[in-house]
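File shown: input_35.cif. Contents: mmCIF, C-alpha atoms, pLDDT in the B column; chains and numbers go by the auth columns.
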data_data
#
loop_
_atom_site.group_PDB
_atom_site.id
_atom_site.type_symbol
_atom_site.label_atom_id
_atom_site.label_comp_id
_atom_site.label_asym_id
_atom_site.label_seq_id
_atom_site.Cartn_x
_atom_site.Cartn_y
_atom_site.Cartn_z
_atom_site.B_iso_or_equiv
_atom_site.auth_seq_id
_atom_site.auth_asym_id
ATOM 1 C CA MET A 1 75.522 96.741 46.513 64.00 21 A
ATOM 2 C CA ILE A 2 77.049 93.298 47.073 73.00 22 A
ATOM 3 C CA PHE A 3 80.456 94.704 46.113 69.00 23 A
ATOM 4 C CA VAL A 4 80.171 97.479 48.758 69.00 24 A
ATOM 5 C CA ILE A 5 79.212 94.962 51.454 75.00 25 A
ATOM 6 C CA LEU A 6 82.102 92.690 50.465 74.00 26 A
ATOM 7 C CA ILE A 7 84.621 95.543 50.561 78.00 27 A
ATOM 8 C CA THR A 8 83.276 96.672 53.968 79.00 28 A
ATOM 9 C CA ALA A 9 83.618 93.127 55.368 76.00 29 A
ATOM 10 C CA ILE A 10 87.187 92.810 54.039 80.00 30 A
ATOM 11 C CA VAL A 11 88.202 96.191 55.484 74.00 31 A
ATOM 12 C CA ALA A 12 86.623 95.284 58.856 81.00 32 A
ATOM 13 C CA ALA A 13 88.468 91.951 58.903 81.00 33 A
ATOM 14 C CA ILE A 14 91.775 93.621 58.111 84.00 34 A
ATOM 15 C CA LEU A 15 91.237 96.237 60.833 84.00 35 A
ATOM 16 C CA ALA A 16 90.351 93.519 63.339 84.00 36 A
ATOM 17 C CA LEU A 17 93.522 91.611 62.428 85.00 37 A
ATOM 18 C CA ILE A 18 95.674 94.706 62.775 84.00 38 A
ATOM 19 C CA LEU A 19 94.123 95.601 66.136 84.00 39 A
ATOM 20 C CA GLY A 20 94.536 92.017 67.372 80.00 40 A
ATOM 21 C CA LEU A 21 98.186 91.956 66.398 81.00 41 A
ATOM 22 C CA ALA A 22 98.738 95.384 67.995 77.00 42 A
ATOM 23 C CA LEU A 23 97.111 94.308 71.248 80.00 43 A
ATOM 24 C CA GLY A 24 99.192 91.144 71.327 77.00 44 A
ATOM 25 C CA LEU A 25 102.356 93.170 70.730 76.00 45 A
ATOM 26 C CA PHE A 26 101.498 95.704 73.432 74.00 46 A
ATOM 27 C CA LYS A 27 100.750 92.879 75.857 70.00 47 A
ATOM 28 C CA GLU A 28 104.184 91.388 75.304 67.00 48 A
ATOM 29 C CA LEU A 29 105.955 94.752 75.410 66.00 49 A
ATOM 30 C CA PHE A 30 104.322 96.009 78.602 65.00 50 A
ATOM 31 C CA LYS A 31 103.562 92.825 80.518 63.00 51 A
ATOM 32 C CA VAL A 32 104.704 92.696 84.124 61.00 52 A
ATOM 33 C CA GLU A 33 106.268 89.426 85.159 67.00 53 A
ATOM 34 C CA GLU A 34 104.634 88.034 88.295 70.00 54 A
ATOM 35 C CA ASP A 35 106.921 87.095 91.117 85.00 55 A
ATOM 36 C CA PRO A 36 106.976 83.250 91.125 89.00 56 A
ATOM 37 C CA LEU A 37 106.821 83.427 94.930 94.00 57 A
ATOM 38 C CA ILE A 38 103.289 84.821 94.698 93.00 58 A
ATOM 39 C CA GLY A 39 102.107 81.735 92.832 91.00 59 A
ATOM 40 C CA ILE A 40 103.721 79.430 95.393 95.00 60 A
ATOM 41 C CA LEU A 41 102.081 81.318 98.256 95.00 61 A
ATOM 42 C CA ARG A 42 98.728 81.312 96.483 95.00 62 A
ATOM 43 C CA GLU A 43 98.853 77.530 96.209 95.00 63 A
ATOM 44 C CA ALA A 44 99.378 77.295 99.969 96.00 64 A
ATOM 45 C CA LEU A 45 96.250 79.347 100.675 96.00 65 A
ATOM 46 C CA PRO A 46 92.805 77.701 100.945 94.00 66 A
ATOM 47 C CA GLY A 47 91.357 79.594 97.976 92.00 67 A
ATOM 48 C CA ALA A 48 88.239 80.698 99.838 91.00 68 A
ATOM 49 C CA ASN A 49 88.613 84.335 98.730 92.00 69 A
ATOM 50 C CA CYS A 50 86.613 85.309 101.815 92.00 70 A
ATOM 51 C CA GLY A 51 88.405 88.603 102.421 89.00 71 A
ATOM 52 C CA GLY A 52 88.959 87.797 106.089 89.00 72 A
ATOM 53 C CA CYS A 53 92.644 88.675 105.676 91.00 73 A
ATOM 54 C CA GLY A 54 91.712 92.228 104.694 88.00 74 A
ATOM 55 C CA PHE A 55 92.852 91.801 101.092 92.00 75 A
ATOM 56 C CA PRO A 56 90.831 91.305 97.892 87.00 76 A
ATOM 57 C CA GLY A 57 90.951 87.522 97.843 91.00 77 A
ATOM 58 C CA CYS A 58 93.780 85.008 98.068 95.00 78 A
ATOM 59 C CA ASP A 59 95.678 86.559 95.145 93.00 79 A
ATOM 60 C CA GLY A 60 95.873 89.885 96.934 94.00 80 A
ATOM 61 C CA TYR A 61 96.972 88.298 100.193 96.00 81 A
ATOM 62 C CA ALA A 62 99.614 86.150 98.462 95.00 82 A
ATOM 63 C CA ALA A 63 101.093 89.293 96.913 93.00 83 A
ATOM 64 C CA ALA A 64 101.075 91.027 100.298 95.00 84 A
ATOM 65 C CA VAL A 65 102.876 88.130 101.997 95.00 85 A
ATOM 66 C CA ALA A 66 105.428 87.980 99.178 93.00 86 A
ATOM 67 C CA ALA A 67 106.120 91.652 99.825 93.00 87 A
ATOM 68 C CA GLY A 68 106.804 90.917 103.487 93.00 88 A
ATOM 69 C CA GLY A 69 103.294 91.129 104.923 93.00 89 A
ATOM 70 C CA ASP A 70 101.905 89.355 107.982 94.00 90 A
ATOM 71 C CA ILE A 71 101.689 85.585 107.456 94.00 91 A
ATOM 72 C CA ALA A 72 99.041 85.106 110.160 93.00 92 A
ATOM 73 C CA GLN A 73 96.062 86.856 108.578 93.00 93 A
ATOM 74 C CA CYS A 74 94.438 83.909 106.782 94.00 94 A
ATOM 75 C CA THR A 75 91.625 83.027 109.166 90.00 95 A
ATOM 76 C CA ALA A 76 90.111 80.478 106.785 92.00 96 A
ATOM 77 C CA GLY A 77 93.289 78.401 106.663 92.00 97 A
ATOM 78 C CA GLY A 78 94.132 78.625 110.333 90.00 98 A
ATOM 79 C CA LYS A 79 97.357 77.337 111.854 91.00 99 A
ATOM 80 C CA SER A 80 98.154 74.821 109.101 93.00 100 A
ATOM 81 C CA THR A 81 98.134 77.562 106.473 95.00 101 A
ATOM 82 C CA VAL A 82 100.239 79.866 108.635 94.00 102 A
ATOM 83 C CA ASP A 83 102.787 77.073 109.068 94.00 103 A
ATOM 84 C CA LYS A 84 102.961 76.579 105.286 95.00 104 A
ATOM 85 C CA LEU A 85 103.426 80.294 104.659 95.00 105 A
ATOM 86 C CA ALA A 86 106.138 80.461 107.330 94.00 106 A
ATOM 87 C CA GLU A 87 107.999 77.590 105.702 95.00 107 A
ATOM 88 C CA ILE A 88 107.778 79.181 102.251 95.00 108 A
ATOM 89 C CA MET A 89 108.896 82.583 103.513 95.00 109 A
ATOM 90 C CA GLY A 90 111.634 81.103 105.691 93.00 110 A
ATOM 91 C CA VAL A 91 110.377 82.706 108.881 92.00 111 A
ATOM 92 C CA SER A 92 109.339 81.372 112.264 89.00 112 A
ATOM 93 C CA ALA A 93 105.756 80.206 112.593 83.00 113 A
ATOM 94 C CA VAL A 94 103.568 82.376 114.788 85.00 114 A
ATOM 95 C CA ALA A 95 100.860 81.446 117.253 85.00 115 A
ATOM 96 C CA VAL A 96 97.336 81.677 115.863 87.00 116 A
ATOM 97 C CA THR A 97 94.227 81.949 118.007 90.00 117 A
ATOM 98 C CA PRO A 98 91.249 80.369 116.203 93.00 118 A
ATOM 99 C CA MET A 99 88.268 82.709 116.270 95.00 119 A
ATOM 100 C CA VAL A 100 84.560 82.216 115.661 97.00 120 A
ATOM 101 C CA SER A 101 81.567 84.518 115.342 98.00 121 A
ATOM 102 C CA ALA A 102 79.048 85.004 118.141 98.00 122 A
ATOM 103 C CA VAL A 103 75.670 86.744 117.851 98.00 123 A
ATOM 104 C CA CYS A 104 75.114 89.216 120.686 98.00 124 A
ATOM 105 C CA CYS A 105 71.329 89.192 120.615 98.00 125 A
ATOM 106 C CA ILE A 106 68.770 86.730 121.957 97.00 126 A
ATOM 107 C CA GLY A 107 65.742 88.823 121.014 96.00 127 A
ATOM 108 C CA GLY A 108 64.062 86.299 118.749 96.00 128 A
ATOM 109 C CA ASN A 109 60.575 86.462 117.299 93.00 129 A
ATOM 110 C CA ASP A 110 58.923 85.427 120.554 94.00 130 A
ATOM 111 C CA ILE A 111 61.140 87.623 122.736 96.00 131 A
ATOM 112 C CA ALA A 112 61.458 91.013 121.019 96.00 132 A
ATOM 113 C CA VAL A 113 58.360 93.056 120.206 96.00 133 A
ATOM 114 C CA LYS A 114 57.799 93.614 116.489 94.00 134 A
ATOM 115 C CA ARG A 115 57.393 97.124 115.167 92.00 135 A
ATOM 116 C CA GLY A 116 54.508 96.114 112.946 89.00 136 A
ATOM 117 C CA GLN A 117 53.892 94.372 109.630 89.00 137 A
ATOM 118 C CA TYR A 118 56.995 94.916 107.539 91.00 138 A
ATOM 119 C CA THR A 119 56.566 94.940 103.744 90.00 139 A
ATOM 120 C CA GLY A 120 59.834 96.458 102.514 91.00 140 A
ATOM 121 C CA LEU A 121 63.100 94.974 101.255 92.00 141 A
ATOM 122 C CA THR A 122 63.776 91.614 102.848 95.00 142 A
ATOM 123 C CA THR A 123 67.374 92.401 103.751 97.00 143 A
ATOM 124 C CA CYS A 124 68.695 93.625 107.071 97.00 144 A
ATOM 125 C CA ARG A 125 70.262 96.701 105.512 96.00 145 A
ATOM 126 C CA GLY A 126 67.094 97.549 103.613 96.00 146 A
ATOM 127 C CA ALA A 127 64.909 97.096 106.696 96.00 147 A
ATOM 128 C CA LYS A 128 67.238 99.212 108.828 96.00 148 A
ATOM 129 C CA LEU A 129 66.754 102.139 106.457 94.00 149 A
ATOM 130 C CA ALA A 130 63.021 101.783 107.042 92.00 150 A
ATOM 131 C CA GLY A 131 63.392 101.770 110.831 91.00 151 A
ATOM 132 C CA GLY A 132 63.870 98.038 111.382 93.00 152 A
ATOM 133 C CA THR A 133 61.420 95.242 112.130 94.00 153 A
ATOM 134 C CA LYS A 134 61.440 95.378 115.947 95.00 154 A
ATOM 135 C CA LEU A 135 60.914 98.035 118.590 95.00 155 A
ATOM 136 C CA CYS A 136 64.447 97.363 119.812 96.00 156 A
ATOM 137 C CA SER A 137 66.603 99.501 117.555 94.00 157 A
ATOM 138 C CA TRP A 138 69.747 97.526 118.423 96.00 158 A
ATOM 139 C CA GLY A 139 68.581 93.927 118.001 96.00 159 A
ATOM 140 C CA CYS A 140 68.839 91.442 115.164 98.00 160 A
ATOM 141 C CA ILE A 141 66.598 92.419 112.241 97.00 161 A
ATOM 142 C CA GLY A 142 66.385 88.796 111.182 97.00 162 A
ATOM 143 C CA PHE A 143 66.629 88.698 107.392 97.00 163 A
ATOM 144 C CA GLY A 144 69.909 86.809 107.351 98.00 164 A
ATOM 145 C CA ASP A 145 72.333 89.124 105.550 98.00 165 A
ATOM 146 C CA CYS A 146 75.076 87.476 107.610 98.00 166 A
ATOM 147 C CA ALA A 147 74.086 83.998 106.439 98.00 167 A
ATOM 148 C CA ALA A 148 73.944 85.171 102.819 97.00 168 A
ATOM 149 C CA VAL A 149 77.542 86.418 102.805 96.00 169 A
ATOM 150 C CA CYS A 150 79.093 83.522 104.744 97.00 170 A
ATOM 151 C CA LYS A 151 81.352 81.616 102.344 93.00 171 A
ATOM 152 C CA PHE A 152 81.683 78.650 104.680 95.00 172 A
ATOM 153 C CA ASP A 153 77.974 77.856 105.179 96.00 173 A
ATOM 154 C CA ALA A 154 78.538 78.406 108.896 97.00 174 A
ATOM 155 C CA ILE A 155 75.487 80.592 109.551 98.00 175 A
ATOM 156 C CA SER A 156 71.851 79.589 109.276 98.00 176 A
ATOM 157 C CA MET A 157 68.669 81.349 110.324 97.00 177 A
ATOM 158 C CA GLY A 158 66.765 79.618 113.122 96.00 178 A
ATOM 159 C CA SER A 159 63.019 79.325 113.549 94.00 179 A
ATOM 160 C CA ASP A 160 63.260 82.124 116.126 95.00 180 A
ATOM 161 C CA GLY A 161 64.474 84.537 113.446 96.00 181 A
ATOM 162 C CA LEU A 162 68.025 84.703 114.794 98.00 182 A
ATOM 163 C CA PRO A 163 71.267 83.602 113.117 98.00 183 A
ATOM 164 C CA SER A 164 72.860 80.421 114.440 98.00 184 A
ATOM 165 C CA VAL A 165 76.619 79.960 113.987 98.00 185 A
ATOM 166 C CA ASN A 166 78.119 76.525 113.463 98.00 186 A
ATOM 167 C CA TRP A 167 81.473 76.882 115.191 96.00 187 A
ATOM 168 C CA GLY A 168 82.726 73.736 113.516 95.00 188 A
ATOM 169 C CA LYS A 169 82.509 75.504 110.139 96.00 189 A
ATOM 170 C CA CYS A 170 83.154 79.113 111.174 97.00 190 A
ATOM 171 C CA THR A 171 86.650 80.431 110.449 95.00 191 A
ATOM 172 C CA GLY A 172 86.322 83.817 112.123 95.00 192 A
ATOM 173 C CA CYS A 173 86.821 85.639 108.831 94.00 193 A
ATOM 174 C CA LYS A 174 84.679 88.597 110.064 94.00 194 A
ATOM 175 C CA VAL A 175 82.748 88.941 106.796 95.00 195 A
ATOM 176 C CA CYS A 176 79.479 88.572 108.711 97.00 196 A
ATOM 177 C CA VAL A 177 80.704 91.133 111.254 97.00 197 A
ATOM 178 C CA ALA A 178 81.210 93.678 108.493 95.00 198 A
ATOM 179 C CA GLU A 179 77.877 92.828 106.839 97.00 199 A
ATOM 180 C CA CYS A 180 75.630 93.122 109.902 98.00 200 A
ATOM 181 C CA PRO A 181 74.122 96.643 109.926 97.00 201 A
ATOM 182 C CA GLN A 182 73.303 96.316 113.630 97.00 202 A
ATOM 183 C CA GLY A 183 76.825 95.464 114.725 97.00 203 A
ATOM 184 C CA ILE A 184 75.616 92.573 116.881 98.00 204 A
ATOM 185 C CA ILE A 185 78.145 89.986 115.664 98.00 205 A
ATOM 186 C CA ARG A 186 81.621 89.791 117.141 96.00 206 A
ATOM 187 C CA VAL A 187 84.445 87.287 116.973 97.00 207 A
ATOM 188 C CA ILE A 188 85.555 85.431 120.092 96.00 208 A
ATOM 189 C CA PRO A 189 88.232 82.802 120.785 95.00 209 A
ATOM 190 C CA LYS A 190 87.130 79.365 119.614 94.00 210 A
ATOM 191 C CA ASP A 191 89.117 77.268 122.068 91.00 211 A
ATOM 192 C CA LYS A 192 88.668 79.397 125.177 92.00 212 A
ATOM 193 C CA LYS A 193 85.519 79.774 127.255 95.00 213 A
ATOM 194 C CA ILE A 194 84.498 83.357 127.919 96.00 214 A
ATOM 195 C CA VAL A 195 81.596 85.288 129.413 97.00 215 A
ATOM 196 C CA LEU A 196 79.683 87.317 126.856 97.00 216 A
ATOM 197 C CA ALA A 197 76.686 89.640 127.135 98.00 217 A
ATOM 198 C CA LEU A 198 74.198 88.424 124.530 98.00 218 A
ATOM 199 C CA CYS A 199 72.477 91.764 124.151 97.00 219 A
ATOM 200 C CA SER A 200 73.303 94.899 122.178 96.00 220 A
ATOM 201 C CA ASN A 201 70.514 97.177 123.460 95.00 221 A
ATOM 202 C CA ARG A 202 72.124 100.433 124.527 94.00 222 A
ATOM 203 C CA ASN A 203 68.966 102.211 125.652 92.00 223 A
ATOM 204 C CA PRO A 204 69.649 103.652 129.137 89.00 224 A
ATOM 205 C CA ILE A 205 65.943 103.699 130.079 90.00 225 A
ATOM 206 C CA ARG A 206 65.160 100.398 131.820 87.00 226 A
ATOM 207 C CA SER A 207 61.377 100.597 131.367 88.00 227 A
ATOM 208 C CA ALA A 208 61.776 101.183 127.619 91.00 228 A
ATOM 209 C CA ILE A 209 63.986 98.104 127.313 93.00 229 A
ATOM 210 C CA ARG A 210 61.389 95.937 129.043 89.00 230 A
ATOM 211 C CA LYS A 211 58.744 97.127 126.595 93.00 231 A
ATOM 212 C CA THR A 212 60.788 96.224 123.546 95.00 232 A
ATOM 213 C CA CYS A 213 62.452 92.939 124.565 95.00 233 A
ATOM 214 C CA ARG A 214 61.764 90.532 127.433 93.00 234 A
ATOM 215 C CA LEU A 215 65.417 89.499 127.639 94.00 235 A
ATOM 216 C CA GLY A 216 67.188 92.775 127.024 95.00 236 A
ATOM 217 C CA CYS A 217 69.941 94.021 129.337 96.00 237 A
ATOM 218 C CA ILE A 218 68.219 96.375 131.805 95.00 238 A
ATOM 219 C CA LYS A 219 71.443 98.063 132.948 94.00 239 A
ATOM 220 C CA CYS A 220 70.887 97.009 136.564 94.00 240 A
ATOM 221 C CA GLY A 221 74.612 96.577 137.164 95.00 241 A
ATOM 222 C CA ILE A 222 74.178 93.406 139.210 97.00 242 A
ATOM 223 C CA CYS A 223 76.850 91.645 137.168 97.00 243 A
ATOM 224 C CA VAL A 224 79.303 94.437 137.988 97.00 244 A
ATOM 225 C CA LYS A 225 78.443 94.525 141.703 97.00 245 A
ATOM 226 C CA GLN A 226 78.411 90.746 142.214 97.00 246 A
ATOM 227 C CA CYS A 227 81.579 89.881 140.267 98.00 247 A
ATOM 228 C CA PRO A 228 84.120 88.666 142.858 97.00 248 A
ATOM 229 C CA GLU A 229 87.018 89.474 140.520 96.00 249 A
ATOM 230 C CA GLN A 230 85.698 92.957 139.661 96.00 250 A
ATOM 231 C CA CYS A 231 86.332 92.289 136.003 97.00 251 A
ATOM 232 C CA ILE A 232 83.062 93.604 134.508 98.00 252 A
ATOM 233 C CA VAL A 233 82.297 97.180 133.492 97.00 253 A
ATOM 234 C CA ILE A 234 79.309 98.722 131.725 94.00 254 A
ATOM 235 C CA GLU A 235 80.485 100.427 128.561 94.00 255 A
ATOM 236 C CA ASN A 236 78.039 102.189 126.277 91.00 256 A
ATOM 237 C CA GLY A 237 75.219 100.326 128.004 93.00 257 A
ATOM 238 C CA ILE A 238 76.663 96.824 127.578 95.00 258 A
ATOM 239 C CA PRO A 239 78.533 94.708 130.184 97.00 259 A
ATOM 240 C CA LEU A 240 82.103 94.039 129.064 96.00 260 A
ATOM 241 C CA VAL A 241 84.339 91.428 130.679 97.00 261 A
ATOM 242 C CA ASP A 242 88.082 91.657 131.207 96.00 262 A
ATOM 243 C CA TYR A 243 89.050 88.130 130.147 93.00 263 A
ATOM 244 C CA ASP A 244 92.480 88.411 131.744 92.00 264 A
ATOM 245 C CA LYS A 245 90.810 88.714 135.154 95.00 265 A
ATOM 246 C CA CYS A 246 87.737 86.528 134.645 97.00 266 A
ATOM 247 C CA ASN A 247 87.975 83.032 136.155 96.00 267 A
ATOM 248 C CA LEU A 248 84.614 81.823 134.788 97.00 268 A
ATOM 249 C CA CYS A 249 83.122 81.504 138.271 97.00 269 A
ATOM 250 C CA GLY A 250 79.658 81.904 136.752 97.00 270 A
ATOM 251 C CA THR A 251 78.419 84.456 139.291 97.00 271 A
ATOM 252 C CA CYS A 252 77.355 86.997 136.661 98.00 272 A
ATOM 253 C CA GLU A 253 75.557 84.309 134.678 97.00 273 A
ATOM 254 C CA GLN A 254 73.660 83.151 137.773 97.00 274 A
ATOM 255 C CA LYS A 255 72.768 86.629 139.068 97.00 275 A
ATOM 256 C CA CYS A 256 71.758 88.276 135.778 97.00 276 A
ATOM 257 C CA PRO A 257 67.961 88.828 135.976 95.00 277 A
ATOM 258 C CA THR A 258 67.446 88.580 132.217 95.00 278 A
ATOM 259 C CA LYS A 259 70.073 85.844 131.696 95.00 279 A
ATOM 260 C CA ILE A 260 71.967 87.692 129.001 97.00 280 A
ATOM 261 C CA MET A 261 75.329 86.964 130.612 98.00 281 A
ATOM 262 C CA ARG A 262 76.401 83.594 129.229 97.00 282 A
ATOM 263 C CA ILE A 263 79.494 81.428 129.475 97.00 283 A
ATOM 264 C CA LEU A 264 80.243 80.353 125.915 95.00 284 A
#
Structure translated into structure tokens:
Amino acid sequence: MIFVILITAIVAAILALILGLALGLFKELFKVEEDPLIGILREALPGANCGGCGFPGCDGYAAAVAAGGDIAQCTAGGKSTVDKLAEIMGVSAVAVTPMVSAVCCIGGNDIAVKRGQYTGLTTCRGAKLAGGTKLCSWGCIGFGDCAAVCKFDAISMGSDGLPSVNWGKCTGCKVCVAECPQGIIRVIPKDKKIVLALCSNRNPIRSAIRKTCRLGCIKCGICVKQCPEQCIVIENGIPLVDYDKCNLCGTCEQKCPTKIMRIL
């Protein structure tokens, strides 16, 4: 019996050695040499692996740039990183507009009417499948999926149940934008003031909006009518501003009855 076990162990060890040697040989025979340029580019990137560039991490983006891709897609690194990539690639540096995330909903716990006692999955995506937590079908659900995926610790949940974005930390990577099942987060220029409608309620029935959220956009059109530059239109139920025409006069912010038009 001991002899059989010993023979089995010896045969297994020999097979393992042969397989190990074969794998090592195959690795050497079929290995693909990495372009040294990729490693140099990777070192110039911040290493956040946030995916804001649209590639699977910094390795993927470095390979894309080495192949001639856009050098201005690293939102986490900003202008300094773009300048480094331009120098490495021997191309002219390009202008980069720093972006940050903004939450287009002010329907917090004391503003939006709750649907009832929610006892399901405590994630925004899970709650959405169950009909949400508030009567407003477009508002923030409030479980912080956006904060959970932020790699820069730029989003925190406030006492009102709404996400708060720290623009000093936010890189505009858009990961939170992609994660939000309600589509209420958008990126805006960091260094330029703009007017933004902080509501995503697209219900065309004004009375229904009032019943679900005290500060929801009631589609009155006052912002459109009162704008001296005629740069606001209602699209899909939400006021949109043409920033090329807007001069930040503040008229829409002052006239809006529910105060959802804000200069940020």
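Here CA of Ile205 (chain A) is placed at a distance of 10.3 Å from CA of Val185 (chain A).
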>> What would the selection look like, as a PyMOL selection string, if the PyMOL selection byres ((chain A and resi 165) around 9) were run on the coordinates I just shared?
In response: chain A and resi 143-145+162-164+166-170+196+199-201
message: I'd like the neighbourhood of Ser184 (chain A) as number ranges by chain, where a residue qualifies if any of its atoms comes within 12 Å (using all atoms listed in the file), though same-chain residues fewer than 3 positions away should be ignored.
response: A: 120-126, 128, 160, 162, 164, 166-167, 170, 173-181, 187-190, 196, 205
Restricting to all atoms listed in the file, whichever of A:Ile25, A:Ala42, A:Cys247, A:Leu105 is closest to Gly59 (chain A) is A:Leu105
Run the PyMOL selection byres ((chain A and resi 250-255) around 10) mentally over the shown coordinates, then write out the matched residues as a CSV table (one decimal) with C-alpha atoms, in the coordinates of the input, using the chain letters and numbers from the document.
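Once written, expr.csv looks like this:
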chain,number,residue,atom,x,y,z
A,215,VAL,CA,81.6,85.3,129.4
A,222,ARG,CA,72.1,100.4,124.5
A,239,LYS,CA,71.4,98.1,132.9
A,240,CYS,CA,70.9,97.0,136.6
A,241,GLY,CA,74.6,96.6,137.2
A,243,CYS,CA,76.8,91.6,137.2
A,244,VAL,CA,79.3,94.4,138.0
A,245,LYS,CA,78.4,94.5,141.7
A,246,GLN,CA,78.4,90.7,142.2
A,247,CYS,CA,81.6,89.9,140.3
A,248,PRO,CA,84.1,88.7,142.9
A,249,GLU,CA,87.0,89.5,140.5
A,256,ASN,CA,78.0,102.2,126.3
A,257,GLY,CA,75.2,100.3,128.0
A,258,ILE,CA,76.7,96.8,127.6
A,259,PRO,CA,78.5,94.7,130.2
A,260,LEU,CA,82.1,94.0,129.1
A,261,VAL,CA,84.3,91.4,130.7
A,262,ASP,CA,88.1,91.7,131.2
A,263,TYR,CA,89.0,88.1,130.1
A,264,ASP,CA,92.5,88.4,131.7
A,265,LYS,CA,90.8,88.7,135.2
A,266,CYS,CA,87.7,86.5,134.6
A,267,ASN,CA,88.0,83.0,136.2
A,272,CYS,CA,77.4,87.0,136.7
Within 8 Å of Arg282 (chain A), counting only C-alpha atoms, which residues show up once you throw out same-chain ones fewer than 6 positions away? Write them as a PyMOL selection string, please.
chain A and resi 215-218+273
* Asked: Which residue out of A:Lys104, A:Ile22, A:Gly236, A:Ala36 has the minimum interatomic distance to Arg62 (chain A) when all atoms listed in the file are used?
  ->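 So, comparing all the options, the nearest one is A:Lys104.
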Exercise. Closest to Asn223 (chain A) among A:Met281, A:Leu268, A:Ala64, A:Cys156, using only C-alpha atoms?
Worked result: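 Smallest separation from Asn223 (chain A) among the options: A:Cys156.
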Here CA of Cys219 (chain A) and CA of Gln137 (chain A) stand apart by 23.7 Å
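Applied to the file shown here, the PyMOL selection byres ((chain A and resi 102) around 10) selects the residues Ala64, Leu65, Asp90, Ile91, Ala92, Gln93, Cys94, Thr95, Gly97, Gly98, Lys99, Ser100, Thr101, Asp103, Lys104, Leu105, Ala106, Glu107, Ile108, Ser112, Ala113, Val114, Ala115 and Val116 of chain A.
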Using only C-alpha atoms, the residue out of A:Leu41, A:Ala150, A:Pro277, A:Gly71 with shortest distance to Val197 (chain A) is A:Gly71
Exercise. Fewer than 2 positions away in the same chain doesn't count, so skip those; otherwise give me all residues within 6 Å of Thr153 (chain A), counting only C-alpha atoms, as a VMD selection string.
Key: chain A and resid 134 to 135 161
Closest of A:Gly192, A:Leu39, A:Lys154, A:Ile208 to Asp130 (chain A), counting only C-alpha atoms, is A:Lys154
A straight line from CA of Ala96 (chain A) to CA of Thr117 (chain A) spans 12.0 Å
